[in-house]
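Okay, my_file-v8.cif is below, mmCIF, C-alpha atoms, pLDDT in the B column; chains and numbers go by the auth columns:
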```cif
data_protein
#
loop_
_atom_site.group_PDB
_atom_site.id
_atom_site.type_symbol
_atom_site.label_atom_id
_atom_site.label_comp_id
_atom_site.label_asym_id
_atom_site.label_seq_id
_atom_site.Cartn_x
_atom_site.Cartn_y
_atom_site.Cartn_z
_atom_site.B_iso_or_equiv
_atom_site.auth_seq_id
_atom_site.auth_asym_id
ATOM 1 C CA MET A 1 0.000 0.000 0.000 40.00 1266 A
ATOM 2 C CA THR A 2 1.376 3.416 -0.876 43.00 1267 A
ATOM 3 C CA ASP A 3 1.523 6.172 1.643 53.00 1268 A
ATOM 4 C CA PRO A 4 -1.422 8.244 0.404 55.00 1269 A
ATOM 5 C CA THR A 5 -0.802 10.879 3.024 66.00 1270 A
ATOM 6 C CA THR A 6 2.662 11.722 1.698 77.00 1271 A
ATOM 7 C CA LEU A 7 1.567 11.586 -1.926 82.00 1272 A
ATOM 8 C CA ASP A 8 -1.570 13.664 -1.310 83.00 1273 A
ATOM 9 C CA SER A 9 0.306 16.138 0.875 83.00 1274 A
ATOM 10 C CA SER A 10 2.944 16.576 -1.814 85.00 1275 A
ATOM 11 C CA ARG A 11 0.303 17.142 -4.490 85.00 1276 A
ATOM 12 C CA ARG A 12 -1.528 19.672 -2.294 85.00 1277 A
ATOM 13 C CA LEU A 13 1.759 21.431 -1.522 84.00 1278 A
ATOM 14 C CA ILE A 14 2.476 21.916 -5.230 84.00 1279 A
ATOM 15 C CA GLU A 15 -1.095 22.992 -5.965 83.00 1280 A
ATOM 16 C CA ARG A 16 -1.111 25.451 -3.064 84.00 1281 A
ATOM 17 C CA GLN A 17 2.228 26.919 -4.113 83.00 1282 A
ATOM 18 C CA TYR A 18 1.075 27.521 -7.692 81.00 1283 A
ATOM 19 C CA GLY A 19 -2.670 28.011 -7.152 83.00 1284 A
ATOM 20 C CA ARG A 20 -3.778 25.508 -9.795 83.00 1285 A
ATOM 21 C CA PRO A 21 -4.507 21.767 -10.032 86.00 1286 A
ATOM 22 C CA ILE A 22 -1.516 19.605 -10.785 85.00 1287 A
ATOM 23 C CA GLN A 23 -2.936 18.569 -14.184 82.00 1288 A
ATOM 24 C CA GLN A 24 -2.897 22.201 -15.329 81.00 1289 A
ATOM 25 C CA LEU A 25 0.559 22.706 -13.909 81.00 1290 A
ATOM 26 C CA THR A 26 1.860 19.720 -15.859 75.00 1291 A
ATOM 27 C CA TYR A 27 0.483 21.284 -19.038 69.00 1292 A
ATOM 28 C CA ASP A 28 2.043 24.643 -18.093 64.00 1293 A
ATOM 29 C CA THR A 29 5.566 23.199 -17.992 62.00 1294 A
ATOM 30 C CA ILE A 30 5.572 22.619 -21.750 63.00 1295 A
ATOM 31 C CA PRO A 31 7.945 25.275 -23.119 60.00 1296 A
ATOM 32 C CA ARG A 32 6.281 27.721 -25.509 62.00 1297 A
ATOM 33 C CA PRO A 33 7.719 30.724 -27.335 62.00 1298 A
ATOM 34 C CA GLY A 34 7.145 34.024 -25.559 62.00 1299 A
ATOM 35 C CA ARG A 35 6.296 32.353 -22.271 61.00 1300 A
ATOM 36 C CA ASP A 36 8.417 32.293 -19.135 62.00 1301 A
ATOM 37 C CA HIS A 37 9.570 28.886 -17.974 65.00 1302 A
ATOM 38 C CA ASP A 38 9.532 28.154 -14.226 74.00 1303 A
ATOM 39 C CA PRO A 39 12.411 25.751 -13.477 77.00 1304 A
ATOM 40 C CA VAL A 40 11.224 25.246 -9.883 81.00 1305 A
ATOM 41 C CA LEU A 41 7.844 24.032 -11.125 81.00 1306 A
ATOM 42 C CA SER A 42 9.537 21.618 -13.513 81.00 1307 A
ATOM 43 C CA ALA A 43 11.759 20.295 -10.728 84.00 1308 A
ATOM 44 C CA ALA A 44 8.809 19.991 -8.345 85.00 1309 A
ATOM 45 C CA LEU A 45 6.763 18.063 -10.898 86.00 1310 A
ATOM 46 C CA ASN A 46 9.728 15.786 -11.638 87.00 1311 A
ATOM 47 C CA LEU A 47 10.155 15.084 -7.917 88.00 1312 A
ATOM 48 C CA TYR A 48 6.417 14.450 -7.598 89.00 1313 A
ATOM 49 C CA GLY A 49 6.561 12.025 -10.525 89.00 1314 A
ATOM 50 C CA GLY A 50 9.422 10.169 -8.857 90.00 1315 A
ATOM 51 C CA LEU A 51 7.480 10.095 -5.604 89.00 1316 A
ATOM 52 C CA ARG A 52 4.474 8.585 -7.384 90.00 1317 A
ATOM 53 C CA GLU A 53 6.670 5.970 -9.055 92.00 1318 A
ATOM 54 C CA THR A 54 8.355 5.055 -5.773 90.00 1319 A
ATOM 55 C CA SER A 55 4.957 4.786 -4.068 89.00 1320 A
ATOM 56 C CA ALA A 56 3.744 2.425 -6.779 90.00 1321 A
ATOM 57 C CA ARG A 57 6.885 0.286 -6.466 90.00 1322 A
ATOM 58 C CA LEU A 58 6.472 0.179 -2.683 88.00 1323 A
ATOM 59 C CA THR A 59 2.892 -1.006 -3.111 88.00 1324 A
ATOM 60 C CA GLU A 60 4.012 -3.768 -5.458 90.00 1325 A
ATOM 61 C CA ALA A 61 6.776 -4.918 -3.086 87.00 1326 A
ATOM 62 C CA ARG A 62 4.389 -5.004 -0.130 85.00 1327 A
ATOM 63 C CA GLN A 63 1.873 -6.979 -2.180 88.00 1328 A
ATOM 64 C CA ARG A 64 4.577 -9.502 -3.095 85.00 1329 A
ATOM 65 C CA VAL A 65 5.362 -9.957 0.614 82.00 1330 A
ATOM 66 C CA ARG A 66 1.672 -10.507 1.357 81.00 1331 A
ATOM 67 C CA GLN A 67 1.439 -13.052 -1.468 82.00 1332 A
ATOM 68 C CA LEU A 68 4.495 -14.880 -0.248 78.00 1333 A
ATOM 69 C CA LEU A 69 3.126 -15.008 3.293 74.00 1334 A
ATOM 70 C CA ASP A 70 -0.332 -16.040 2.060 74.00 1335 A
ATOM 71 C CA GLU A 71 1.210 -18.890 0.079 73.00 1336 A
ATOM 72 C CA GLY A 72 2.465 -20.263 3.344 66.00 1337 A
ATOM 73 C CA HIS A 73 6.083 -19.276 3.766 56.00 1338 A
ATOM 74 C CA ASP A 74 8.131 -22.305 4.523 57.00 1339 A
ATOM 75 C CA ASP A 75 11.534 -22.225 6.113 60.00 1340 A
ATOM 76 C CA THR A 76 13.347 -23.225 2.973 63.00 1341 A
ATOM 77 C CA VAL A 77 16.369 -21.277 1.879 61.00 1342 A
ATOM 78 C CA ASP A 78 14.533 -20.099 -1.236 72.00 1343 A
ATOM 79 C CA GLY A 79 11.510 -18.771 0.718 70.00 1344 A
ATOM 80 C CA THR A 80 13.688 -17.043 3.279 73.00 1345 A
ATOM 81 C CA THR A 81 15.891 -15.521 0.590 80.00 1346 A
ATOM 82 C CA ARG A 82 12.863 -14.175 -1.269 78.00 1347 A
ATOM 83 C CA LEU A 83 11.505 -12.621 1.947 77.00 1348 A
ATOM 84 C CA LEU A 84 14.869 -11.055 2.783 80.00 1349 A
ATOM 85 C CA ASN A 85 15.216 -9.645 -0.742 82.00 1350 A
ATOM 86 C CA LEU A 86 11.712 -8.165 -0.554 83.00 1351 A
ATOM 87 C CA ALA A 87 12.464 -6.675 2.863 84.00 1352 A
ATOM 88 C CA GLN A 88 15.605 -5.054 1.470 86.00 1353 A
ATOM 89 C CA ASP A 89 13.621 -3.705 -1.496 86.00 1354 A
ATOM 90 C CA ILE A 90 10.976 -2.259 0.814 86.00 1355 A
ATOM 91 C CA HIS A 91 13.617 -0.649 3.018 86.00 1356 A
ATOM 92 C CA ALA A 92 15.402 0.922 0.040 86.00 1357 A
ATOM 93 C CA LEU A 93 12.139 2.131 -1.514 87.00 1358 A
ATOM 94 C CA THR A 94 10.934 3.562 1.791 87.00 1359 A
ATOM 95 C CA THR A 95 14.198 5.470 2.205 86.00 1360 A
ATOM 96 C CA ARG A 96 13.908 6.763 -1.363 88.00 1361 A
ATOM 97 C CA HIS A 97 10.260 7.712 -0.777 85.00 1362 A
ATOM 98 C CA VAL A 98 11.133 9.729 2.331 84.00 1363 A
ATOM 99 C CA ASN A 99 14.064 11.450 0.597 85.00 1364 A
ATOM 100 C CA GLU A 100 11.928 12.407 -2.414 86.00 1365 A
ATOM 101 C CA ALA A 101 9.189 13.817 -0.194 84.00 1366 A
ATOM 102 C CA ARG A 102 11.747 15.825 1.807 84.00 1367 A
ATOM 103 C CA ALA A 103 13.395 17.122 -1.367 85.00 1368 A
ATOM 104 C CA LEU A 104 10.034 18.277 -2.707 83.00 1369 A
ATOM 105 C CA GLY A 105 9.218 19.970 0.594 81.00 1370 A
ATOM 106 C CA ASP A 106 12.625 21.656 0.687 81.00 1371 A
ATOM 107 C CA LEU A 107 12.261 22.834 -2.914 81.00 1372 A
ATOM 108 C CA LEU A 108 8.902 24.457 -2.218 79.00 1373 A
ATOM 109 C CA GLY A 109 9.844 25.838 1.200 74.00 1374 A
ATOM 110 C CA ALA A 110 7.626 23.515 3.233 67.00 1375 A
ATOM 111 C CA LYS A 111 10.356 23.024 5.849 54.00 1376 A
ATOM 112 C CA GLN A 112 10.143 26.614 7.007 46.00 1377 A
ATOM 113 C CA PRO A 113 8.272 26.970 10.285 42.00 1378 A
ATOM 114 C CA PRO A 114 4.746 28.288 9.942 40.00 1379 A
ATOM 115 C CA PRO A 115 4.149 31.867 11.006 40.00 1380 A
ATOM 116 C CA PRO A 116 2.998 32.158 14.626 39.00 1381 A
ATOM 117 C CA LEU A 117 -0.731 32.336 15.118 37.00 1382 A
ATOM 118 C CA SER A 118 -1.998 35.512 16.672 39.00 1383 A
ATOM 119 C CA CYS A 119 -4.236 33.651 19.117 41.00 1384 A
ATOM 120 C CA ALA A 120 -4.830 30.001 19.890 43.00 1385 A
ATOM 121 C CA ALA A 121 -8.128 28.977 18.331 43.00 1386 A
ATOM 122 C CA SER A 122 -9.328 26.851 21.223 41.00 1387 A
ATOM 123 C CA THR A 123 -8.680 29.234 24.111 43.00 1388 A
ATOM 124 C CA GLY A 124 -8.480 32.673 22.548 41.00 1389 A
ATOM 125 C CA LEU A 125 -5.201 33.200 24.402 42.00 1390 A
ATOM 126 C CA CYS A 126 -2.382 34.916 22.596 40.00 1391 A
ATOM 127 C CA ALA A 127 0.855 32.943 22.269 46.00 1392 A
ATOM 128 C CA ALA A 128 2.951 35.261 24.468 36.00 1393 A
ATOM 129 C CA ASP A 129 0.439 35.165 27.305 49.00 1394 A
ATOM 130 C CA ASP A 130 -0.465 31.523 26.859 67.00 1395 A
ATOM 131 C CA LEU A 131 1.698 29.900 29.545 76.00 1396 A
ATOM 132 C CA ASP A 132 1.128 32.703 32.028 77.00 1397 A
ATOM 133 C CA GLU A 133 -2.630 32.293 31.570 80.00 1398 A
ATOM 134 C CA LEU A 134 -2.447 28.515 31.966 84.00 1399 A
ATOM 135 C CA LEU A 135 -0.175 28.495 35.032 84.00 1400 A
ATOM 136 C CA PRO A 136 -2.865 29.175 37.695 86.00 1401 A
ATOM 137 C CA LEU A 137 -5.000 26.263 36.484 86.00 1402 A
ATOM 138 C CA ALA A 138 -1.915 24.058 36.075 85.00 1403 A
ATOM 139 C CA ARG A 139 -0.861 24.903 39.661 86.00 1404 A
ATOM 140 C CA ARG A 140 -4.280 23.832 40.962 86.00 1405 A
ATOM 141 C CA ILE A 141 -4.022 20.585 39.008 85.00 1406 A
ATOM 142 C CA ALA A 142 -0.463 20.042 40.295 83.00 1407 A
ATOM 143 C CA ALA A 143 -1.584 20.631 43.894 83.00 1408 A
ATOM 144 C CA GLY A 144 -3.980 17.701 43.608 77.00 1409 A
ATOM 145 C CA SER A 145 -1.334 15.343 42.266 75.00 1410 A
ATOM 146 C CA PRO A 146 1.786 14.326 44.210 73.00 1411 A
ATOM 147 C CA HIS A 147 3.728 13.522 41.016 78.00 1412 A
ATOM 148 C CA LEU A 148 2.693 15.517 37.960 78.00 1413 A
ATOM 149 C CA THR A 149 3.282 14.011 34.520 84.00 1414 A
ATOM 150 C CA ARG A 150 2.169 14.740 30.966 84.00 1415 A
ATOM 151 C CA ALA A 151 -0.286 11.880 31.264 85.00 1416 A
ATOM 152 C CA LYS A 152 -2.003 13.627 34.180 86.00 1417 A
ATOM 153 C CA LEU A 153 -1.693 17.292 33.195 87.00 1418 A
ATOM 154 C CA GLY A 154 -2.777 17.021 29.553 87.00 1419 A
ATOM 155 C CA PRO A 155 -6.138 15.311 30.166 88.00 1420 A
ATOM 156 C CA ALA A 156 -6.841 17.550 33.174 87.00 1421 A
ATOM 157 C CA LEU A 157 -6.368 20.669 31.032 86.00 1422 A
ATOM 158 C CA ARG A 158 -8.494 19.181 28.267 84.00 1423 A
ATOM 159 C CA ALA A 159 -11.221 18.443 30.825 85.00 1424 A
ATOM 160 C CA HIS A 160 -11.307 22.210 31.420 82.00 1425 A
ATOM 161 C CA GLY A 161 -11.765 22.793 27.682 81.00 1426 A
ATOM 162 C CA ILE A 162 -8.156 23.784 27.023 84.00 1427 A
ATOM 163 C CA ARG A 163 -6.430 22.100 24.112 81.00 1428 A
ATOM 164 C CA VAL A 164 -2.679 21.857 24.471 82.00 1429 A
ATOM 165 C CA SER A 165 -0.007 20.657 22.108 81.00 1430 A
ATOM 166 C CA ASN A 166 2.832 18.464 23.288 81.00 1431 A
ATOM 167 C CA GLN A 167 5.176 21.437 23.025 83.00 1432 A
ATOM 168 C CA ARG A 168 2.976 23.672 25.196 84.00 1433 A
ATOM 169 C CA LEU A 169 2.406 20.840 27.658 85.00 1434 A
ATOM 170 C CA GLY A 170 6.162 20.295 27.978 83.00 1435 A
ATOM 171 C CA ALA A 171 6.822 24.003 28.482 84.00 1436 A
ATOM 172 C CA LEU A 172 4.081 24.172 31.106 85.00 1437 A
ATOM 173 C CA LEU A 173 5.468 21.150 32.962 84.00 1438 A
ATOM 174 C CA ASN A 174 8.965 22.660 32.894 81.00 1439 A
ATOM 175 C CA ARG A 175 7.649 25.915 34.387 82.00 1440 A
ATOM 176 C CA LEU A 176 5.782 24.029 37.123 81.00 1441 A
ATOM 177 C CA ARG A 177 8.808 21.889 37.944 77.00 1442 A
ATOM 178 C CA ALA A 178 11.065 24.955 38.034 76.00 1443 A
ATOM 179 C CA GLU A 179 8.661 26.682 40.426 74.00 1444 A
ATOM 180 C CA THR A 180 8.555 23.578 42.618 67.00 1445 A
ATOM 181 C CA PHE A 181 12.345 23.294 42.612 61.00 1446 A
ATOM 182 C CA LEU A 182 12.850 26.987 43.364 59.00 1447 A
ATOM 183 C CA GLY A 183 10.184 26.856 46.081 58.00 1448 A
ATOM 184 C CA ALA A 184 11.835 23.855 47.711 51.00 1449 A
ATOM 185 C CA ALA A 185 15.285 25.460 47.507 49.00 1450 A
ATOM 186 C CA ALA A 186 14.138 28.671 49.220 47.00 1451 A
#
```

Using structure tokens, write down the structure that the file contains.
Amino acid sequence: MTDPTTLDSSRRLIERQYGRPIQQLTYDTIPRPGRDHDPVLSAALNLYGGLRETSARLTEARQRVRQLLDEGHDDTVDGTTRLLNLAQDIHALTTRHVNEARALGDLLGAKQPPPPLSCAASTGLCAADDLDELLPLARRIAAGSPHLTRAKLGPALRAHGIRVSNQRLGALLNRLRAETFLGAAA
């Protein structure tokens, strides 16, 4: 089975970058007199084509493994060798697939961090004030738990209607632990 998420994400990335469906973009790369040629678009479409081909080859290799296992893999040298060869093919194709997807993302600038949101959608809190606003509630939650962990703090915040990412949860835990450490040291 191909990784439809990577393939679809790559297609959407190209379409978002150029504002048109990929079929039109493919047609637009045909050089014509008096028309500017976009080499980045050509490179992106070539990388996308390679990604599609690698995905198809991965699907075929995975299907061959399933067929071999469905046939009742015996422990003969031939059966084991075929499985090992298929596993090596799948590993190489997976590595190639990941590298092609990364190259396409790098080419189109997808690796750059997204711009910061002005306010978190779920809480209405602005990013700079976010941890300061969450600390009083987090302190109350921490007071009711002798050993605070992500597994306890995250669900407790969500129970109060506050959605937190792993990054925010980690920063909040670090602040709470620092306060506890500084309070104990004083």

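The space between atom CA of A:Gly1426 and atom CA of A:Leu1402 spans 11.6 Å.
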
- Of the candidates A:Leu1290, A:Leu1306, A:Leu1312, A:Ala1408, which shows the shortest atom-to-atom distance to A:Leu1441, using all atoms listed in the file? A:Ala1408

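Coordinates place atom CA of A:Thr1359 at a distance of 27.0 Å from atom CA of A:Pro1304.
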
- Message: I'd like the contact shell of stretch 1271-1281 of chain A - 12 Å cut-off, all atoms listed in the file, skipping same-chain residues fewer than 4 positions apart - returned as JSON, numbers by chain.
- Response: {"A": [1266, 1267, 1285, 1286, 1287, 1288, 1289, 1290, 1291, 1305, 1306, 1307, 1308, 1309, 1310, 1311, 1312, 1313, 1314, 1315, 1316, 1317, 1318, 1319, 1320, 1321, 1359, 1362, 1363, 1364, 1365, 1366, 1367, 1368, 1369, 1370, 1371, 1372, 1373, 1374, 1375, 1376]}

Suppose we keep C-alpha atoms; can you now write the selection as a PDB file, keeping the file's coordinate frame?
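Output saved as out.pdb:
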```pdb
ATOM      1  CA  MET A1266       0.000   0.000   0.000  1.00 40.00           C
ATOM      2  CA  THR A1267       1.376   3.416  -0.876  1.00 43.00           C
ATOM      3  CA  ARG A1285      -3.778  25.508  -9.795  1.00 83.00           C
ATOM      4  CA  PRO A1286      -4.507  21.767 -10.032  1.00 86.00           C
ATOM      5  CA  ILE A1287      -1.516  19.605 -10.785  1.00 85.00           C
ATOM      6  CA  GLN A1288      -2.936  18.569 -14.184  1.00 82.00           C
ATOM      7  CA  GLN A1289      -2.897  22.201 -15.329  1.00 81.00           C
ATOM      8  CA  LEU A1290       0.559  22.706 -13.909  1.00 81.00           C
ATOM      9  CA  THR A1291       1.860  19.720 -15.859  1.00 75.00           C
ATOM     10  CA  VAL A1305      11.224  25.246  -9.883  1.00 81.00           C
ATOM     11  CA  LEU A1306       7.844  24.032 -11.125  1.00 81.00           C
ATOM     12  CA  SER A1307       9.537  21.618 -13.513  1.00 81.00           C
ATOM     13  CA  ALA A1308      11.759  20.295 -10.728  1.00 84.00           C
ATOM     14  CA  ALA A1309       8.809  19.991  -8.345  1.00 85.00           C
ATOM     15  CA  LEU A1310       6.763  18.063 -10.898  1.00 86.00           C
ATOM     16  CA  ASN A1311       9.728  15.786 -11.638  1.00 87.00           C
ATOM     17  CA  LEU A1312      10.155  15.084  -7.917  1.00 88.00           C
ATOM     18  CA  TYR A1313       6.417  14.450  -7.598  1.00 89.00           C
ATOM     19  CA  GLY A1314       6.561  12.025 -10.525  1.00 89.00           C
ATOM     20  CA  GLY A1315       9.422  10.169  -8.857  1.00 90.00           C
ATOM     21  CA  LEU A1316       7.480  10.095  -5.604  1.00 89.00           C
ATOM     22  CA  ARG A1317       4.474   8.585  -7.384  1.00 90.00           C
ATOM     23  CA  GLU A1318       6.670   5.970  -9.055  1.00 92.00           C
ATOM     24  CA  THR A1319       8.355   5.055  -5.773  1.00 90.00           C
ATOM     25  CA  SER A1320       4.957   4.786  -4.068  1.00 89.00           C
ATOM     26  CA  ALA A1321       3.744   2.425  -6.779  1.00 90.00           C
ATOM     27  CA  THR A1359      10.934   3.562   1.791  1.00 87.00           C
ATOM     28  CA  HIS A1362      10.260   7.712  -0.777  1.00 85.00           C
ATOM     29  CA  VAL A1363      11.133   9.729   2.331  1.00 84.00           C
ATOM     30  CA  ASN A1364      14.064  11.450   0.597  1.00 85.00           C
ATOM     31  CA  GLU A1365      11.928  12.407  -2.414  1.00 86.00           C
ATOM     32  CA  ALA A1366       9.189  13.817  -0.194  1.00 84.00           C
ATOM     33  CA  ARG A1367      11.747  15.825   1.807  1.00 84.00           C
ATOM     34  CA  ALA A1368      13.395  17.122  -1.367  1.00 85.00           C
ATOM     35  CA  LEU A1369      10.034  18.277  -2.707  1.00 83.00           C
ATOM     36  CA  GLY A1370       9.218  19.970   0.594  1.00 81.00           C
ATOM     37  CA  ASP A1371      12.625  21.656   0.687  1.00 81.00           C
ATOM     38  CA  LEU A1372      12.261  22.834  -2.914  1.00 81.00           C
ATOM     39  CA  LEU A1373       8.902  24.457  -2.218  1.00 79.00           C
ATOM     40  CA  GLY A1374       9.844  25.838   1.200  1.00 74.00           C
ATOM     41  CA  ALA A1375       7.626  23.515   3.233  1.00 67.00           C
ATOM     42  CA  LYS A1376      10.356  23.024   5.849  1.00 54.00           C
TER      43      LYS A1376
END
```

Just need the box for stretch 1426-1429 of chain A, edges along x, y and z, holding every atom the file lists for it with 5 Å tacked onto each side, so centre and edge lengths in Å to one decimal, as lines of an AutoDock Vina configuration file.
```
center_x = -7.2
center_y = 22.8
center_z = 25.9
size_x = 19.1
size_y = 11.9
size_z = 13.6
```

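Nearest to A:Arg1433 of all the residues A:Leu1358, A:Pro1401, A:Leu1396, A:Arg1329 is A:Leu1396, counting all atoms listed in the file.
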
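The environment of A:Ile1406 within 12 Å, counting only C-alpha atoms and disregarding residues fewer than 3 places along the same chain, consists of Leu1399, Leu1400, Pro1401, Leu1402, Ala1403, Gly1409, Ser1410, Pro1411, His1412, Leu1413, Thr1414, Arg1415, Lys1417, Leu1418, Gly1419, Pro1420, Ala1421, Leu1422, Arg1423, Ala1424, His1425, Leu1437, Leu1438 and Leu1441 of chain A.
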
- How many Å lie between atom CA of A:Leu1349 and atom CA of A:Gln1328, rounded to one decimal? 14.5 Å
